[in-house]
$ cat my_file_14.cif   # mmCIF, N, CA and C atoms
data_data
#
loop_
_atom_site.label_atom_id
_atom_site.label_comp_id
_atom_site.auth_asym_id
_atom_site.auth_seq_id
_atom_site.Cartn_x
_atom_site.Cartn_y
_atom_site.Cartn_z
N MET A 1 0.84 -1.18 0.00
CA MET A 1 0.00 0.00 0.00
C MET A 1 0.89 1.24 0.00
N PRO A 2 0.57 2.21 -0.84
CA PRO A 2 1.40 3.41 -0.95
C PRO A 2 1.40 4.30 0.28
N VAL A 3 0.40 4.18 1.14
CA VAL A 3 0.34 4.96 2.37
C VAL A 3 0.07 4.00 3.51
N ARG A 4 0.95 4.03 4.51
CA ARG A 4 0.73 3.18 5.69
C ARG A 4 1.10 3.98 6.93
N TYR A 5 0.56 3.55 8.04
CA TYR A 5 0.85 4.26 9.29
C TYR A 5 1.09 3.28 10.41
N SER A 6 1.77 3.79 11.44
CA SER A 6 2.00 3.01 12.66
C SER A 6 2.03 3.99 13.83
N PHE A 7 1.76 3.48 15.00
CA PHE A 7 1.76 4.30 16.21
C PHE A 7 3.09 4.16 16.92
N ASP A 8 3.63 5.29 17.33
CA ASP A 8 4.85 5.35 18.12
C ASP A 8 4.45 6.03 19.43
N HIS A 9 3.93 5.24 20.36
CA HIS A 9 3.41 5.80 21.61
C HIS A 9 4.51 6.38 22.48
N GLU A 10 5.72 5.87 22.34
CA GLU A 10 6.84 6.40 23.12
C GLU A 10 7.10 7.87 22.78
N GLN A 11 6.96 8.21 21.50
CA GLN A 11 7.18 9.59 21.07
C GLN A 11 5.85 10.34 20.82
N SER A 12 4.73 9.72 21.17
CA SER A 12 3.39 10.32 20.97
C SER A 12 3.16 10.72 19.51
N LEU A 13 3.46 9.79 18.62
CA LEU A 13 3.36 10.05 17.18
C LEU A 13 2.56 8.99 16.45
N VAL A 14 1.96 9.44 15.38
CA VAL A 14 1.50 8.53 14.33
C VAL A 14 2.48 8.75 13.20
N ARG A 15 3.19 7.71 12.82
CA ARG A 15 4.16 7.78 11.72
C ARG A 15 3.47 7.30 10.45
N ILE A 16 3.46 8.17 9.46
CA ILE A 16 2.85 7.85 8.17
C ILE A 16 3.96 7.79 7.14
N GLU A 17 3.96 6.73 6.37
CA GLU A 17 4.95 6.59 5.29
C GLU A 17 4.22 6.60 3.96
N VAL A 18 4.65 7.48 3.08
CA VAL A 18 4.03 7.64 1.77
C VAL A 18 5.05 7.26 0.70
N ILE A 19 4.65 6.34 -0.19
CA ILE A 19 5.51 5.95 -1.30
C ILE A 19 4.69 6.02 -2.59
N ASP A 20 5.36 5.93 -3.72
CA ASP A 20 4.67 6.02 -5.01
C ASP A 20 3.73 4.85 -5.22
N PRO A 21 2.67 5.04 -5.93
CA PRO A 21 2.18 6.30 -6.48
C PRO A 21 1.39 7.08 -5.43
N LEU A 22 1.50 8.37 -5.45
CA LEU A 22 0.80 9.25 -4.52
C LEU A 22 -0.54 9.63 -5.14
N GLU A 23 -1.62 9.12 -4.56
CA GLU A 23 -2.96 9.39 -5.07
C GLU A 23 -3.86 9.80 -3.93
N PHE A 24 -4.76 10.73 -4.21
CA PHE A 24 -5.68 11.21 -3.19
C PHE A 24 -6.47 10.07 -2.56
N GLU A 25 -6.94 9.14 -3.38
CA GLU A 25 -7.77 8.06 -2.87
C GLU A 25 -7.06 7.26 -1.78
N GLN A 26 -5.78 7.00 -1.97
CA GLN A 26 -5.02 6.24 -0.98
C GLN A 26 -4.86 7.02 0.32
N ILE A 27 -4.64 8.32 0.19
CA ILE A 27 -4.51 9.16 1.38
C ILE A 27 -5.85 9.22 2.10
N ALA A 28 -6.94 9.41 1.37
CA ALA A 28 -8.27 9.48 1.98
C ALA A 28 -8.62 8.18 2.68
N VAL A 29 -8.32 7.03 2.07
CA VAL A 29 -8.58 5.73 2.70
C VAL A 29 -7.77 5.59 3.98
N THR A 30 -6.52 6.01 3.94
CA THR A 30 -5.66 5.92 5.13
C THR A 30 -6.20 6.80 6.25
N VAL A 31 -6.62 8.01 5.93
CA VAL A 31 -7.18 8.90 6.96
C VAL A 31 -8.45 8.29 7.54
N LYS A 32 -9.28 7.72 6.71
CA LYS A 32 -10.51 7.07 7.19
C LYS A 32 -10.17 5.92 8.14
N ARG A 33 -9.19 5.11 7.78
CA ARG A 33 -8.76 4.02 8.66
C ARG A 33 -8.21 4.57 9.97
N LEU A 34 -7.40 5.61 9.87
CA LEU A 34 -6.78 6.20 11.05
C LEU A 34 -7.83 6.78 12.00
N VAL A 35 -8.82 7.49 11.44
CA VAL A 35 -9.87 8.10 12.26
C VAL A 35 -10.63 7.04 13.05
N SER A 36 -10.80 5.87 12.47
CA SER A 36 -11.55 4.81 13.16
C SER A 36 -10.66 3.87 13.97
N ASP A 37 -9.36 4.10 13.97
CA ASP A 37 -8.43 3.23 14.71
C ASP A 37 -8.54 3.50 16.21
N SER A 38 -8.71 2.46 16.99
CA SER A 38 -8.89 2.61 18.44
C SER A 38 -7.63 3.13 19.14
N GLU A 39 -6.48 3.05 18.49
CA GLU A 39 -5.24 3.55 19.08
C GLU A 39 -5.10 5.07 18.97
N LEU A 40 -5.88 5.68 18.09
CA LEU A 40 -5.81 7.12 17.91
C LEU A 40 -6.39 7.82 19.13
N ARG A 41 -5.62 8.73 19.70
CA ARG A 41 -6.06 9.43 20.91
C ARG A 41 -5.50 10.84 20.92
N ALA A 42 -6.10 11.67 21.76
CA ALA A 42 -5.62 13.05 21.90
C ALA A 42 -4.18 13.03 22.37
N GLY A 43 -3.42 14.03 21.95
CA GLY A 43 -2.03 14.15 22.36
C GLY A 43 -1.05 13.57 21.37
N LEU A 44 -1.54 12.90 20.34
CA LEU A 44 -0.65 12.37 19.30
C LEU A 44 -0.46 13.40 18.20
N ASN A 45 0.73 13.43 17.65
CA ASN A 45 1.03 14.26 16.50
C ASN A 45 1.32 13.35 15.31
N LEU A 46 1.36 13.93 14.12
CA LEU A 46 1.63 13.16 12.91
C LEU A 46 2.99 13.49 12.34
N LEU A 47 3.69 12.46 11.90
CA LEU A 47 4.92 12.62 11.13
C LEU A 47 4.68 11.91 9.81
N SER A 48 4.51 12.67 8.75
CA SER A 48 4.24 12.12 7.43
C SER A 48 5.53 12.15 6.62
N ASP A 49 6.11 10.97 6.41
CA ASP A 49 7.42 10.84 5.77
C ASP A 49 7.25 10.55 4.29
N HIS A 50 7.66 11.51 3.46
CA HIS A 50 7.58 11.38 2.01
C HIS A 50 8.97 11.19 1.40
N SER A 51 9.92 10.75 2.20
CA SER A 51 11.31 10.61 1.75
C SER A 51 11.47 9.64 0.59
N GLN A 52 10.63 8.62 0.53
CA GLN A 52 10.75 7.61 -0.52
C GLN A 52 9.85 7.90 -1.71
N LEU A 53 9.20 9.03 -1.70
CA LEU A 53 8.28 9.40 -2.75
C LEU A 53 9.04 9.99 -3.93
N GLY A 54 8.85 9.43 -5.10
CA GLY A 54 9.54 9.92 -6.29
C GLY A 54 8.76 10.99 -7.03
N SER A 55 7.44 11.01 -6.82
CA SER A 55 6.61 11.99 -7.51
C SER A 55 6.32 13.18 -6.60
N THR A 56 5.77 14.21 -7.20
CA THR A 56 5.40 15.42 -6.46
C THR A 56 3.88 15.51 -6.42
N ALA A 57 3.35 15.90 -5.28
CA ALA A 57 1.90 16.05 -5.14
C ALA A 57 1.39 17.14 -6.07
N SER A 58 0.19 16.91 -6.61
CA SER A 58 -0.43 17.92 -7.45
C SER A 58 -1.01 19.03 -6.56
N THR A 59 -1.26 20.16 -7.17
CA THR A 59 -1.88 21.27 -6.45
C THR A 59 -3.25 20.86 -5.91
N ASN A 60 -4.01 20.12 -6.70
CA ASN A 60 -5.33 19.66 -6.24
C ASN A 60 -5.21 18.75 -5.03
N LEU A 61 -4.24 17.87 -5.02
CA LEU A 61 -4.06 16.99 -3.86
C LEU A 61 -3.71 17.82 -2.63
N VAL A 62 -2.81 18.77 -2.76
CA VAL A 62 -2.40 19.60 -1.63
C VAL A 62 -3.59 20.40 -1.11
N ARG A 63 -4.44 20.88 -2.00
CA ARG A 63 -5.62 21.64 -1.58
C ARG A 63 -6.62 20.78 -0.82
N SER A 64 -6.56 19.47 -0.99
CA SER A 64 -7.49 18.57 -0.28
C SER A 64 -6.99 18.23 1.12
N ILE A 65 -5.74 18.50 1.42
CA ILE A 65 -5.14 18.12 2.71
C ILE A 65 -5.84 18.77 3.91
N PRO A 66 -6.17 20.07 3.89
CA PRO A 66 -6.83 20.64 5.07
C PRO A 66 -8.12 19.92 5.48
N ALA A 67 -8.92 19.48 4.51
CA ALA A 67 -10.15 18.75 4.84
C ALA A 67 -9.85 17.41 5.50
N LEU A 68 -8.80 16.74 5.03
CA LEU A 68 -8.42 15.47 5.64
C LEU A 68 -7.89 15.67 7.06
N LEU A 69 -7.11 16.72 7.25
CA LEU A 69 -6.60 17.03 8.59
C LEU A 69 -7.75 17.42 9.52
N ALA A 70 -8.76 18.07 8.98
CA ALA A 70 -9.93 18.44 9.79
C ALA A 70 -10.65 17.19 10.30
N GLN A 71 -10.71 16.14 9.48
CA GLN A 71 -11.32 14.88 9.92
C GLN A 71 -10.59 14.32 11.14
N LEU A 72 -9.27 14.38 11.10
CA LEU A 72 -8.48 13.90 12.23
C LEU A 72 -8.69 14.80 13.44
N GLY A 73 -8.73 16.10 13.23
CA GLY A 73 -8.95 17.04 14.32
C GLY A 73 -10.30 16.84 15.00
N GLU A 74 -11.32 16.50 14.22
CA GLU A 74 -12.64 16.21 14.80
C GLU A 74 -12.57 15.01 15.73
N ARG A 75 -11.71 14.08 15.41
CA ARG A 75 -11.60 12.84 16.18
C ARG A 75 -10.78 13.04 17.46
N PHE A 76 -9.68 13.82 17.40
CA PHE A 76 -8.85 13.90 18.60
C PHE A 76 -8.29 15.28 18.91
N GLY A 77 -8.86 16.33 18.34
CA GLY A 77 -8.49 17.69 18.71
C GLY A 77 -7.27 18.22 17.97
N PRO A 78 -6.76 19.37 18.41
CA PRO A 78 -5.62 20.00 17.75
C PRO A 78 -4.36 19.11 17.81
N PHE A 79 -3.54 19.23 16.79
CA PHE A 79 -2.30 18.43 16.73
C PHE A 79 -1.32 19.10 15.80
N ARG A 80 -0.10 18.60 15.82
CA ARG A 80 0.92 19.08 14.89
C ARG A 80 1.20 17.99 13.86
N CYS A 81 1.51 18.43 12.67
CA CYS A 81 1.78 17.51 11.56
C CYS A 81 3.07 17.95 10.87
N ALA A 82 4.09 17.12 10.97
CA ALA A 82 5.37 17.38 10.30
C ALA A 82 5.41 16.56 9.02
N VAL A 83 5.74 17.22 7.93
CA VAL A 83 5.82 16.56 6.63
C VAL A 83 7.28 16.57 6.20
N VAL A 84 7.84 15.39 5.99
CA VAL A 84 9.24 15.26 5.60
C VAL A 84 9.29 15.09 4.08
N VAL A 85 9.91 16.08 3.43
CA VAL A 85 9.97 16.12 1.97
C VAL A 85 11.34 16.63 1.53
N PRO A 86 12.28 15.73 1.27
CA PRO A 86 13.63 16.17 0.92
C PRO A 86 13.77 16.80 -0.47
N ARG A 87 12.89 16.46 -1.40
CA ARG A 87 13.00 17.00 -2.76
C ARG A 87 12.45 18.41 -2.84
N ASP A 88 13.08 19.28 -3.63
CA ASP A 88 12.70 20.69 -3.70
C ASP A 88 11.24 20.92 -4.08
N ALA A 89 10.79 20.30 -5.16
CA ALA A 89 9.41 20.53 -5.62
C ALA A 89 8.41 20.06 -4.57
N SER A 90 8.66 18.93 -3.95
CA SER A 90 7.77 18.41 -2.91
C SER A 90 7.79 19.30 -1.68
N TYR A 91 8.95 19.85 -1.37
CA TYR A 91 9.05 20.75 -0.22
C TYR A 91 8.19 21.99 -0.45
N GLU A 92 8.21 22.53 -1.64
CA GLU A 92 7.39 23.71 -1.95
C GLU A 92 5.91 23.38 -1.84
N MET A 93 5.51 22.19 -2.26
CA MET A 93 4.10 21.79 -2.14
C MET A 93 3.72 21.63 -0.67
N ALA A 94 4.62 21.10 0.14
CA ALA A 94 4.36 20.96 1.57
C ALA A 94 4.24 22.33 2.24
N ARG A 95 5.03 23.28 1.77
CA ARG A 95 4.92 24.65 2.30
C ARG A 95 3.55 25.24 1.95
N MET A 96 3.04 24.91 0.77
CA MET A 96 1.71 25.36 0.41
C MET A 96 0.67 24.73 1.34
N ALA A 97 0.85 23.47 1.69
CA ALA A 97 -0.06 22.81 2.64
C ALA A 97 -0.03 23.50 4.00
N GLU A 98 1.13 23.99 4.41
CA GLU A 98 1.24 24.75 5.67
C GLU A 98 0.28 25.94 5.64
N VAL A 99 0.35 26.70 4.57
CA VAL A 99 -0.47 27.91 4.44
C VAL A 99 -1.95 27.56 4.38
N LEU A 100 -2.29 26.56 3.59
CA LEU A 100 -3.69 26.17 3.43
C LEU A 100 -4.30 25.61 4.71
N SER A 101 -3.47 25.11 5.60
CA SER A 101 -3.95 24.48 6.84
C SER A 101 -3.97 25.42 8.04
N GLU A 102 -3.61 26.67 7.84
CA GLU A 102 -3.47 27.60 8.96
C GLU A 102 -4.72 27.75 9.82
N ASP A 103 -5.91 27.63 9.25
CA ASP A 103 -7.14 27.82 10.01
C ASP A 103 -7.72 26.52 10.54
N GLY A 104 -7.02 25.42 10.36
CA GLY A 104 -7.55 24.13 10.77
C GLY A 104 -6.98 23.66 12.10
N PRO A 105 -7.28 22.42 12.48
CA PRO A 105 -6.84 21.89 13.77
C PRO A 105 -5.36 21.50 13.81
N ALA A 106 -4.74 21.40 12.64
CA ALA A 106 -3.34 20.94 12.58
C ALA A 106 -2.40 22.09 12.30
N GLN A 107 -1.33 22.14 13.05
CA GLN A 107 -0.23 23.05 12.75
C GLN A 107 0.72 22.25 11.88
N VAL A 108 0.81 22.59 10.62
CA VAL A 108 1.58 21.82 9.64
C VAL A 108 2.91 22.53 9.38
N ARG A 109 4.00 21.74 9.32
CA ARG A 109 5.32 22.27 8.98
C ARG A 109 6.04 21.27 8.06
N ALA A 110 6.77 21.81 7.11
CA ALA A 110 7.56 21.00 6.18
C ALA A 110 9.00 20.93 6.67
N PHE A 111 9.61 19.78 6.52
CA PHE A 111 11.00 19.57 6.92
C PHE A 111 11.72 18.77 5.85
N ARG A 112 13.03 18.90 5.82
CA ARG A 112 13.86 18.17 4.86
C ARG A 112 14.30 16.82 5.40
N SER A 113 14.26 16.63 6.74
CA SER A 113 14.72 15.36 7.31
C SER A 113 13.80 14.91 8.43
N VAL A 114 13.79 13.62 8.66
CA VAL A 114 13.01 13.04 9.76
C VAL A 114 13.51 13.57 11.09
N ARG A 115 14.81 13.69 11.23
CA ARG A 115 15.38 14.18 12.50
C ARG A 115 14.86 15.58 12.84
N GLU A 116 14.85 16.49 11.86
CA GLU A 116 14.32 17.83 12.09
C GLU A 116 12.84 17.78 12.49
N ALA A 117 12.08 16.96 11.78
CA ALA A 117 10.65 16.84 12.04
C ALA A 117 10.40 16.29 13.45
N GLU A 118 11.14 15.27 13.83
CA GLU A 118 10.99 14.70 15.17
C GLU A 118 11.33 15.72 16.25
N GLY A 119 12.35 16.53 16.01
CA GLY A 119 12.74 17.56 16.96
C GLY A 119 11.63 18.58 17.17
N TRP A 120 11.01 19.02 16.08
CA TRP A 120 9.91 19.98 16.18
C TRP A 120 8.71 19.36 16.90
N LEU A 121 8.41 18.13 16.58
CA LEU A 121 7.26 17.47 17.20
C LEU A 121 7.49 17.20 18.69
N ALA A 122 8.72 16.96 19.07
CA ALA A 122 9.04 16.68 20.48
C ALA A 122 9.08 17.94 21.33
N ALA A 123 9.31 19.08 20.70
CA ALA A 123 9.39 20.35 21.45
C ALA A 123 8.01 20.79 21.91
N PRO A 124 7.94 21.44 23.06
CA PRO A 124 6.63 21.95 23.51
C PRO A 124 6.09 22.96 22.51
N PRO A 125 4.77 22.98 22.31
CA PRO A 125 4.19 23.97 21.38
C PRO A 125 4.48 25.38 21.86
N ALA A 126 4.66 26.28 20.91
CA ALA A 126 4.89 27.69 21.24
C ALA A 126 3.65 28.27 21.87
N ALA A 127 3.84 29.16 22.82
CA ALA A 127 2.70 29.76 23.52
C ALA A 127 1.99 30.76 22.65
#

$ encode --input "my_file_14.cif" --output "structure tokens"
Amino acid sequence: MPVRYSFDHEQSLVRIEVIDPLEFEQIAVTVKRLVSDSELRAGLNLLSDHSQLGSTASTNLVRSIPALLAQLGERFGPFRCAVVVPRDASYEMARMAEVLSEDGPAQVRAFRSVREAEGWLAAPPAA
């Protein structure tokens, strides 16, 4: 499956791994599964790792992300979402997702490495 997730309760994370092909339907199915997963609880953040993704998300796909994040927010409240995108074009699309998600339940940030993303997610939220 191009999108899979696992729980990292030690770090209070849901780790999402995205690989090719990147399609909205797969992301939507994964979010639906995640929303109904009994392990999902308040206090978890998301780390969406796109490091192995060879393609770049379309503008339409990026514009659909805030609605998907809102579904998660309805289930467990506000959270942070770190998106790891080492490729330049993908990084720019993730930055667009940051802007589009500003009014939603998720504080979204793009990072070039998993280490940077984990550091941001582990830090206390800014006041």

$ resolve_selection --input "my_file_14.cif" --expression "the PyMOL selection byres (((chain A and resi 69 and name CA) around 12) and name CA)" --output "number ranges by chain"
A: 27-28, 30-32, 34-35, 45-46, 48, 62-68, 70-81, 97-98, 100-108

$ write_last_selection --input "my_file_14.cif" --atoms "N, CA and C atoms" --output "short mmCIF file (atom, residue, chain, number, x, y, z; two decimals), in the coordinates of the input"
data_model
loop_
_atom_site.label_atom_id
_atom_site.label_comp_id
_atom_site.auth_asym_id
_atom_site.auth_seq_id
_atom_site.Cartn_x
_atom_site.Cartn_y
_atom_site.Cartn_z
N ILE A 27 -4.64 8.32 0.19
CA ILE A 27 -4.51 9.16 1.38
C ILE A 27 -5.85 9.22 2.10
N ALA A 28 -6.94 9.41 1.37
CA ALA A 28 -8.27 9.48 1.98
C ALA A 28 -8.62 8.18 2.68
N THR A 30 -6.52 6.01 3.94
CA THR A 30 -5.66 5.92 5.13
C THR A 30 -6.20 6.80 6.25
N VAL A 31 -6.62 8.01 5.93
CA VAL A 31 -7.18 8.90 6.96
C VAL A 31 -8.45 8.29 7.54
N LYS A 32 -9.28 7.72 6.71
CA LYS A 32 -10.51 7.07 7.19
C LYS A 32 -10.17 5.92 8.14
N LEU A 34 -7.40 5.61 9.87
CA LEU A 34 -6.78 6.20 11.05
C LEU A 34 -7.83 6.78 12.00
N VAL A 35 -8.82 7.49 11.44
CA VAL A 35 -9.87 8.10 12.26
C VAL A 35 -10.63 7.04 13.05
N ASN A 45 0.73 13.43 17.65
CA ASN A 45 1.03 14.26 16.50
C ASN A 45 1.32 13.35 15.31
N LEU A 46 1.36 13.93 14.12
CA LEU A 46 1.63 13.16 12.91
C LEU A 46 2.99 13.49 12.34
N SER A 48 4.51 12.67 8.75
CA SER A 48 4.24 12.12 7.43
C SER A 48 5.53 12.15 6.62
N VAL A 62 -2.81 18.77 -2.76
CA VAL A 62 -2.40 19.60 -1.63
C VAL A 62 -3.59 20.40 -1.11
N ARG A 63 -4.44 20.88 -2.00
CA ARG A 63 -5.62 21.64 -1.58
C ARG A 63 -6.62 20.78 -0.82
N SER A 64 -6.56 19.47 -0.99
CA SER A 64 -7.49 18.57 -0.28
C SER A 64 -6.99 18.23 1.12
N ILE A 65 -5.74 18.50 1.42
CA ILE A 65 -5.14 18.12 2.71
C ILE A 65 -5.84 18.77 3.91
N PRO A 66 -6.17 20.07 3.89
CA PRO A 66 -6.83 20.64 5.07
C PRO A 66 -8.12 19.92 5.48
N ALA A 67 -8.92 19.48 4.51
CA ALA A 67 -10.15 18.75 4.84
C ALA A 67 -9.85 17.41 5.50
N LEU A 68 -8.80 16.74 5.03
CA LEU A 68 -8.42 15.47 5.64
C LEU A 68 -7.89 15.67 7.06
N ALA A 70 -8.76 18.07 8.98
CA ALA A 70 -9.93 18.44 9.79
C ALA A 70 -10.65 17.19 10.30
N GLN A 71 -10.71 16.14 9.48
CA GLN A 71 -11.32 14.88 9.92
C GLN A 71 -10.59 14.32 11.14
N LEU A 72 -9.27 14.38 11.10
CA LEU A 72 -8.48 13.90 12.23
C LEU A 72 -8.69 14.80 13.44
N GLY A 73 -8.73 16.10 13.23
CA GLY A 73 -8.95 17.04 14.32
C GLY A 73 -10.30 16.84 15.00
N GLU A 74 -11.32 16.50 14.22
CA GLU A 74 -12.64 16.21 14.80
C GLU A 74 -12.57 15.01 15.73
N ARG A 75 -11.71 14.08 15.41
CA ARG A 75 -11.60 12.84 16.18
C ARG A 75 -10.78 13.04 17.46
N PHE A 76 -9.68 13.82 17.40
CA PHE A 76 -8.85 13.90 18.60
C PHE A 76 -8.29 15.28 18.91
N GLY A 77 -8.86 16.33 18.34
CA GLY A 77 -8.49 17.69 18.71
C GLY A 77 -7.27 18.22 17.97
N PRO A 78 -6.76 19.37 18.41
CA PRO A 78 -5.62 20.00 17.75
C PRO A 78 -4.36 19.11 17.81
N PHE A 79 -3.54 19.23 16.79
CA PHE A 79 -2.30 18.43 16.73
C PHE A 79 -1.32 19.10 15.80
N ARG A 80 -0.10 18.60 15.82
CA ARG A 80 0.92 19.08 14.89
C ARG A 80 1.20 17.99 13.86
N CYS A 81 1.51 18.43 12.67
CA CYS A 81 1.78 17.51 11.56
C CYS A 81 3.07 17.95 10.87
N ALA A 97 0.85 23.47 1.69
CA ALA A 97 -0.06 22.81 2.64
C ALA A 97 -0.03 23.50 4.00
N GLU A 98 1.13 23.99 4.41
CA GLU A 98 1.24 24.75 5.67
C GLU A 98 0.28 25.94 5.64
N LEU A 100 -2.29 26.56 3.59
CA LEU A 100 -3.69 26.17 3.43
C LEU A 100 -4.30 25.61 4.71
N SER A 101 -3.47 25.11 5.60
CA SER A 101 -3.95 24.48 6.84
C SER A 101 -3.97 25.42 8.04
N GLU A 102 -3.61 26.67 7.84
CA GLU A 102 -3.47 27.60 8.96
C GLU A 102 -4.72 27.75 9.82
N ASP A 103 -5.91 27.63 9.25
CA ASP A 103 -7.14 27.82 10.01
C ASP A 103 -7.72 26.52 10.54
N GLY A 104 -7.02 25.42 10.36
CA GLY A 104 -7.55 24.13 10.77
C GLY A 104 -6.98 23.66 12.10
N PRO A 105 -7.28 22.42 12.48
CA PRO A 105 -6.84 21.89 13.77
C PRO A 105 -5.36 21.50 13.81
N ALA A 106 -4.74 21.40 12.64
CA ALA A 106 -3.34 20.94 12.58
C ALA A 106 -2.40 22.09 12.30
N GLN A 107 -1.33 22.14 13.05
CA GLN A 107 -0.23 23.05 12.75
C GLN A 107 0.72 22.25 11.88
N VAL A 108 0.81 22.59 10.62
CA VAL A 108 1.58 21.82 9.64
C VAL A 108 2.91 22.53 9.38
#

$ select_by_dssp --input "my_file_14.cif" --residues "chain A" --states "alpha helix (DSSP H)" --output "ChimeraX atom specification"
/A:24-36,59-76,88-100,114-122

$ residues_around --input "my_file_14.cif" --residues "Ala110 of chain A" --least-positions-apart "2" --cutoff "10 Å" --atoms "only C-alpha atoms" --output "CSV table (one decimal) with N, CA and C atoms, keeping the file's coordinate frame"
chain,number,residue,atom,x,y,z
A,48,SER,N,4.5,12.7,8.8
A,48,SER,CA,4.2,12.1,7.4
A,48,SER,C,5.5,12.2,6.6
A,81,CYS,N,1.5,18.4,12.7
A,81,CYS,CA,1.8,17.5,11.6
A,81,CYS,C,3.1,18.0,10.9
A,82,ALA,N,4.1,17.1,11.0
A,82,ALA,CA,5.4,17.4,10.3
A,82,ALA,C,5.4,16.6,9.0
A,83,VAL,N,5.7,17.2,7.9
A,83,VAL,CA,5.8,16.6,6.6
A,83,VAL,C,7.3,16.6,6.2
A,84,VAL,N,7.8,15.4,6.0
A,84,VAL,CA,9.2,15.3,5.6
A,84,VAL,C,9.3,15.1,4.1
A,85,VAL,N,9.9,16.1,3.4
A,85,VAL,CA,10.0,16.1,2.0
A,85,VAL,C,11.3,16.6,1.5
A,86,PRO,N,12.3,15.7,1.3
A,86,PRO,CA,13.6,16.2,0.9
A,86,PRO,C,13.8,16.8,-0.5
A,90,SER,N,8.7,18.9,-4.0
A,90,SER,CA,7.8,18.4,-2.9
A,90,SER,C,7.8,19.3,-1.7
A,91,TYR,N,9.0,19.8,-1.4
A,91,TYR,CA,9.0,20.8,-0.2
A,91,TYR,C,8.2,22.0,-0.4
A,92,GLU,N,8.2,22.5,-1.6
A,92,GLU,CA,7.4,23.7,-2.0
A,92,GLU,C,5.9,23.4,-1.8
A,93,MET,N,5.5,22.2,-2.3
A,93,MET,CA,4.1,21.8,-2.1
A,93,MET,C,3.7,21.6,-0.7
A,94,ALA,N,4.6,21.1,0.1
A,94,ALA,CA,4.4,21.0,1.6
A,94,ALA,C,4.2,22.3,2.2
A,95,ARG,N,5.0,23.3,1.8
A,95,ARG,CA,4.9,24.6,2.3
A,95,ARG,C,3.6,25.2,2.0
A,96,MET,N,3.0,24.9,0.8
A,96,MET,CA,1.7,25.4,0.4
A,96,MET,C,0.7,24.7,1.3
A,97,ALA,N,0.8,23.5,1.7
A,97,ALA,CA,-0.1,22.8,2.6
A,97,ALA,C,0.0,23.5,4.0
A,98,GLU,N,1.1,24.0,4.4
A,98,GLU,CA,1.2,24.8,5.7
A,98,GLU,C,0.3,25.9,5.6
A,108,VAL,N,0.8,22.6,10.6
A,108,VAL,CA,1.6,21.8,9.6
A,108,VAL,C,2.9,22.5,9.4
A,112,ARG,N,13.0,18.9,5.8
A,112,ARG,CA,13.9,18.2,4.9
A,112,ARG,C,14.3,16.8,5.4
A,113,SER,N,14.3,16.6,6.7
A,113,SER,CA,14.7,15.4,7.3
A,113,SER,C,13.8,14.9,8.4
A,116,GLU,N,14.8,16.5,11.9
A,116,GLU,CA,14.3,17.8,12.1
A,116,GLU,C,12.8,17.8,12.5
A,117,ALA,N,12.1,17.0,11.8
A,117,ALA,CA,10.6,16.8,12.0
A,117,ALA,C,10.4,16.3,13.4

$ resolve_selection --input "my_file_14.cif" --expression "the PyMOL selection byres ((chain A and resi 17) around 5)" --output "count of residues only"
8

$ axis_aligned_box --input "my_file_14.cif" --around "segment 44-50 of chain A" --padding-each-side "4 Å" --output "AutoDock Vina command-line options"
--center_x 3.7 --center_y 12.4 --center_z 10.9 --size_x 18.5 --size_y 11.7 --size_z 26.9

$ atom_distance --input "my_file_14.cif" --atom1 "atom C of Phe111 of chain A" --atom2 "atom C of Val14 of chain A"
15.5 Å

$ atom_distance --input "my_file_14.cif" --atom1 "atom N of Ala42 of chain A" --atom2 "atom C of Ser6 of chain A"
13.7 Å

$ resolve_selection --input "my_file_14.cif" --expression "the PyMOL selection byres ((chain A and resi 12) around 8)" --output "list in words"
Phe7, Asp8, His9, Glu10, Gln11, Leu13, Val14, Arg15, Gly43, Leu44, Asn45, Leu46, Leu47 and Leu121 of chain A

$ atom_distance --input "my_file_14.cif" --atom1 "atom CA of Ser38 of chain A" --atom2 "atom N of Val99 of chain A"
29.3 Å

$ residues_around --input "my_file_14.cif" --residues "Pro21 of chain A" --least-positions-apart "2" --cutoff "8 Å" --atoms "only N, CA and C atoms" --output "PyMOL selection string"
chain A and resi 1-3+18-19+23-24+26+53-55

$ write_last_selection --input "my_file_14.cif" --atoms "N, CA and C atoms" --output "compact mmCIF listing (two decimals), keeping the file's coordinate frame"
# COMPACT_ATOMS: atom_id res chain seq x y z
N MET A 1 0.84 -1.18 0.00
CA MET A 1 0.00 0.00 0.00
C MET A 1 0.89 1.24 0.00
N PRO A 2 0.57 2.21 -0.84
CA PRO A 2 1.40 3.41 -0.95
C PRO A 2 1.40 4.30 0.28
N VAL A 3 0.40 4.18 1.14
CA VAL A 3 0.34 4.96 2.37
C VAL A 3 0.07 4.00 3.51
N VAL A 18 4.65 7.48 3.08
CA VAL A 18 4.03 7.64 1.77
C VAL A 18 5.05 7.26 0.70
N ILE A 19 4.65 6.34 -0.19
CA ILE A 19 5.51 5.95 -1.30
C ILE A 19 4.69 6.02 -2.59
N GLU A 23 -1.62 9.12 -4.56
CA GLU A 23 -2.96 9.39 -5.07
C GLU A 23 -3.86 9.80 -3.93
N PHE A 24 -4.76 10.73 -4.21
CA PHE A 24 -5.68 11.21 -3.19
C PHE A 24 -6.47 10.07 -2.56
N GLN A 26 -5.78 7.00 -1.97
CA GLN A 26 -5.02 6.24 -0.98
C GLN A 26 -4.86 7.02 0.32
N LEU A 53 9.20 9.03 -1.70
CA LEU A 53 8.28 9.40 -2.75
C LEU A 53 9.04 9.99 -3.93
N GLY A 54 8.85 9.43 -5.10
CA GLY A 54 9.54 9.92 -6.29
C GLY A 54 8.76 10.99 -7.03
N SER A 55 7.44 11.01 -6.82
CA SER A 55 6.61 11.99 -7.51
C SER A 55 6.32 13.18 -6.60

$ closest_residue --input "my_file_14.cif" --among "A:Arg115, A:Arg33, A:His50, A:Arg41" --to "Arg87 of chain A" --atoms "only C-alpha atoms"
A:His50

$ closest_residue --input "my_file_14.cif" --among "A:Ser51, A:Thr59, A:Val29, A:Asp37" --to "Val114 of chain A" --atoms "all atoms listed in the file"
A:Ser51
